[in-house]
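Undergrad: For reference, the structure I am asking about is given below.
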Amino acid sequence: MYPSAKRLHDFRTSLIREMTRLAIKHKAINMAQGLPDFLPPPELTRAACQAIEEGHNQYTNTWGIPELRQAISSNLQNLYDLYYDPEEQITVTCGVSEGIVLAMLSLVNPGDEVIVIEPFHDNYLPAINFAQAKPVFVRLEPPFFQLDPESLRAAFSHKTKAIIINTPHNPTGRVFTREELNYIASLCREFNVVAITDEIYDRITFDEHQHIPLATLDGMFEQTITISGMSKTFSVTGWRLGYVCAPSNLSAAIRTLHDFTTICAPAPFQYAAVAALGLPESFFKTQKEAYTIRRDRILKILEKYQFIIQPPQGAYYLITDFSQLDFHGDDEKFAKYLVEEVGIAVVPGSSFYSTPEVGRNTVRWSFAKKMETFDAVEQRLQTLKKYSLK
């Protein structure tokens, strides 16, 4: 039997999706993967069905249908005064995950260094590995997960080619401040580094926190690859619709790779995405209010059971410290106990770090859930009283 390629030897399949598989196996509530358990806006499903019935079932323009690229361009300009030419600078992809891989392969050469802020989404390291680059880690320190300027500056060097910025941040829920982003931008300009931004949660923020695209800061348009998509805002994670916006020279390279990987994103869903981006601002206001209620509900539940939590400022995840529970700092043991004995799936926190020991006292929860789901979670957590409270 032939061995697998060496590039695959240093990492495993996604632990996030492994927890979903375990949730299905044990009939547990899936609080692990970031997939909503409620329906998307009906306007989207109607538009998708209509597109299928009207015959939009074949290959589209590789970069995405013109109507969607125009809608993405108009959306970014209206929200952030950020203009990308839909003809040359916007590529519709099969999700943000493909966008990250395309950005990395189009930009980074073997041996280059890529700065990764940790904790990080588990798609980032494989993308860097595929490009045969070297990750350099900068840690957001709990409990507030703020960016330390000295640590960040120390990570930059003449070998640095790119930095990955995810805000609103998964898994901590941090929304980077203008001050933090300006400092990142200043280092990118000083060291001639391109920022690859994952902005998939840009419309899900809480309280006074606001998303600021890095590309809008002074001098950063030409040094930023902006990546986002429809999955989270519109609760259609299975539709696999993302987009990459970049200056024309980088966009051309990204489009070449995209052409020879997935060819195009799903055709009928592209037409539905046009409808999504055309929803009134009242939809996003109502959604923000609904996610705020969900966030506050899960905070109340988990604090009741002695989890230590920093309330998220954006996205729909919580990192919780379970050190008050009697599991001896073993996140995988705790996650296994929860899914098998309690009936709740979460993600071990160590999976979000380059040094797993850093996250051993933590697990991640997704709160993109219905109210009935929170009721069931609260009921099942009563088991902790019998087995685990110190």
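In the structure tokens, chains take letters A, B, ... by order of appearance, with residues numbered from 1 within each chain and ligands from 1 in the order shown.
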Check stretch 182-328 of chain A with DSSP on the backbone and list each residue it calls strand (DSSP E), as a ChimeraX atom specification.
TA: /A:194-198,224-229,242-245,308-309,317-321
Undergrad: Determine, counting only C-alpha atoms, which protein, DNA and RNA residues have an atom within 7 Å of an atom of stretch 340-343 of chain A; residues of the same chain fewer than 6 positions away are not included. Present the result as a ChimeraX atom specification.
TA: /A:26-29,380-381,383
Undergrad: Quick one: residues within 6 Å of stretch 196-209 of chain A, only C-alpha atoms, excluding same-chain residues fewer than 6 positions away - as a compact mmCIF listing (two decimals) with N, CA, C and O atoms, in the first residue's frame?
TA:
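Output file result06.txt is given in full below:
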```txt
# COMPACT_ATOMS: atom_id res chain seq x y z
N ILE A 164 -2.75 36.46 8.37
CA ILE A 164 -4.17 36.16 8.30
C ILE A 164 -4.88 36.87 9.45
O ILE A 164 -4.50 36.69 10.62
N ILE A 165 -5.87 37.68 9.12
CA ILE A 165 -6.64 38.42 10.12
C ILE A 165 -8.09 37.97 10.04
O ILE A 165 -8.71 38.03 8.98
N ASN A 166 -8.63 37.52 11.16
CA ASN A 166 -10.02 37.09 11.23
C ASN A 166 -10.75 37.96 12.25
O ASN A 166 -10.49 37.87 13.45
N THR A 167 -11.60 38.84 11.77
CA THR A 167 -12.41 39.68 12.64
C THR A 167 -13.75 39.92 11.98
O THR A 167 -13.78 40.19 10.77
N PRO A 168 -14.86 39.78 12.74
CA PRO A 168 -15.00 39.22 14.09
C PRO A 168 -14.38 37.82 14.16
O PRO A 168 -14.47 37.05 13.21
N THR A 224 -4.23 44.04 0.67
CA THR A 224 -5.22 43.23 1.38
C THR A 224 -6.00 42.35 0.41
O THR A 224 -6.42 42.81 -0.66
N ILE A 225 -6.18 41.10 0.79
CA ILE A 225 -7.11 40.19 0.12
C ILE A 225 -8.28 40.00 1.08
O ILE A 225 -8.12 39.44 2.16
N THR A 226 -9.44 40.52 0.70
CA THR A 226 -10.62 40.50 1.55
C THR A 226 -11.49 39.30 1.19
O THR A 226 -11.89 39.14 0.04
N ILE A 227 -11.78 38.46 2.19
CA ILE A 227 -12.54 37.23 1.97
C ILE A 227 -13.76 37.21 2.88
O ILE A 227 -13.66 37.49 4.07
N SER A 228 -14.90 36.88 2.31
CA SER A 228 -16.12 36.76 3.10
C SER A 228 -17.09 35.83 2.35
O SER A 228 -16.68 35.12 1.44
N GLY A 229 -18.36 35.85 2.76
CA GLY A 229 -19.30 34.96 2.11
C GLY A 229 -20.69 35.07 2.69
O GLY A 229 -20.98 35.93 3.52
N GLN A 313 -17.83 39.67 21.35
CA GLN A 313 -18.19 40.96 20.77
C GLN A 313 -18.76 40.80 19.37
O GLN A 313 -19.36 41.73 18.82
N GLY A 314 -18.56 39.63 18.78
CA GLY A 314 -19.05 39.35 17.44
C GLY A 314 -18.99 37.86 17.15
O GLY A 314 -18.53 37.06 17.98
N ALA A 315 -19.43 37.47 15.95
CA ALA A 315 -19.52 36.06 15.52
C ALA A 315 -20.52 35.33 16.42
O ALA A 315 -21.27 35.95 17.17
```
Undergrad: If we count only C-alpha atoms and set the cut-off at 7 Å, which residues sit around A:Ser235, ignoring sequence neighbours fewer than 4 positions away in its own chain? Please answer as a count of residues only.
TA: 3
Undergrad: Considering only C-alpha atoms, return as a PyMOL selection string whatever protein or nucleic-acid residues lie within 10 Å of A:Ser351, sequence-local ones (same chain, fewer than 4 positions apart) excluded.
TA: chain A and resi 14-16+119-122+331-332+347+355-360+362-364
Undergrad: Using only C-alpha atoms, which of A:Gln50, A:Ser4, A:Ser251, A:Thr237 sits nearest A:Glu87?
TA: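 So, comparing all the options, the nearest one is A:Ser251.
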Undergrad: Would you please work out which residue, of A:Asn192, A:Thr172, A:Pro86, A:Phe234, is nearest to A:Phe284 when using only C-alpha atoms?
TA: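 Closest residue, counting only C-alpha atoms: A:Phe234.
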Undergrad: Pick the closest to A:Glu18 from A:Leu384, A:Ala215, A:Val346, A:Ala51: which is it, counting only C-alpha atoms?
TA: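 Checking each candidate against A:Glu18, we get A:Val346 as the closest.
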Undergrad: Return the single residue from A:Leu8, A:Ala127, A:Ala273, A:Ile308 that is closest to A:Thr45, with distances computed using only C-alpha atoms.
TA: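 For A:Thr45, the nearest of the given residues is A:Ala273.
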Undergrad: Which distance in Å separates atom CA of A:Glu43 and atom CA of A:Ile90, to one decimal?
TA: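 Computed distance, atom CA of A:Glu43 to atom CA of A:Ile90, equals 24.1 Å.
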Undergrad: Just to confirm, what's the straight-line distance from atom CA of A:Ala195 to atom CA of A:Gln33 in Å (one decimal)?
TA: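 So the two atoms, atom CA of A:Ala195 and atom CA of A:Gln33, lie 26.2 Å apart.
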Undergrad: Any idea what's packed within 8 Å of A:Gly329, counting only C-alpha atoms, ignoring anything in its chain fewer than 5 positions away? Could you give it as a PyMOL selection string?
TA: chain A and resi 322-323+360-361
Undergrad: Using only C-alpha atoms, which protein or nucleic acid residues come within 6 Å of stretch 104-112 of chain A? Drop anything in the same chain fewer than 3 positions from it, and give the result as a list in words.
TA: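 Surrounding residues, per the criterion: Val101, Ala131, Gln132, Ala133, Lys159, Lys161, Ala253 and Ile254 of chain A.
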Undergrad: Go through stretch 59-193 of chain A and collect every residue that DSSP, computed from the backbone, puts in alpha helix (DSSP H); the answer should be as a ChimeraX atom specification.
TA: /A:66-80,95-107,124-130,149-155,178-191
Undergrad: What does the structure give for the distance between atom CA of A:Leu125 and atom CA of A:Ser248, in Å to one decimal?
TA: 25.8 Å
Undergrad: Calculated over only C-alpha atoms, which of the candidates A:Met31, A:Leu102, A:Ser73, A:Pro41 has the smallest distance to A:Ile298?
TA: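 Among the listed residues, A:Met31 lies closest to A:Ile298.
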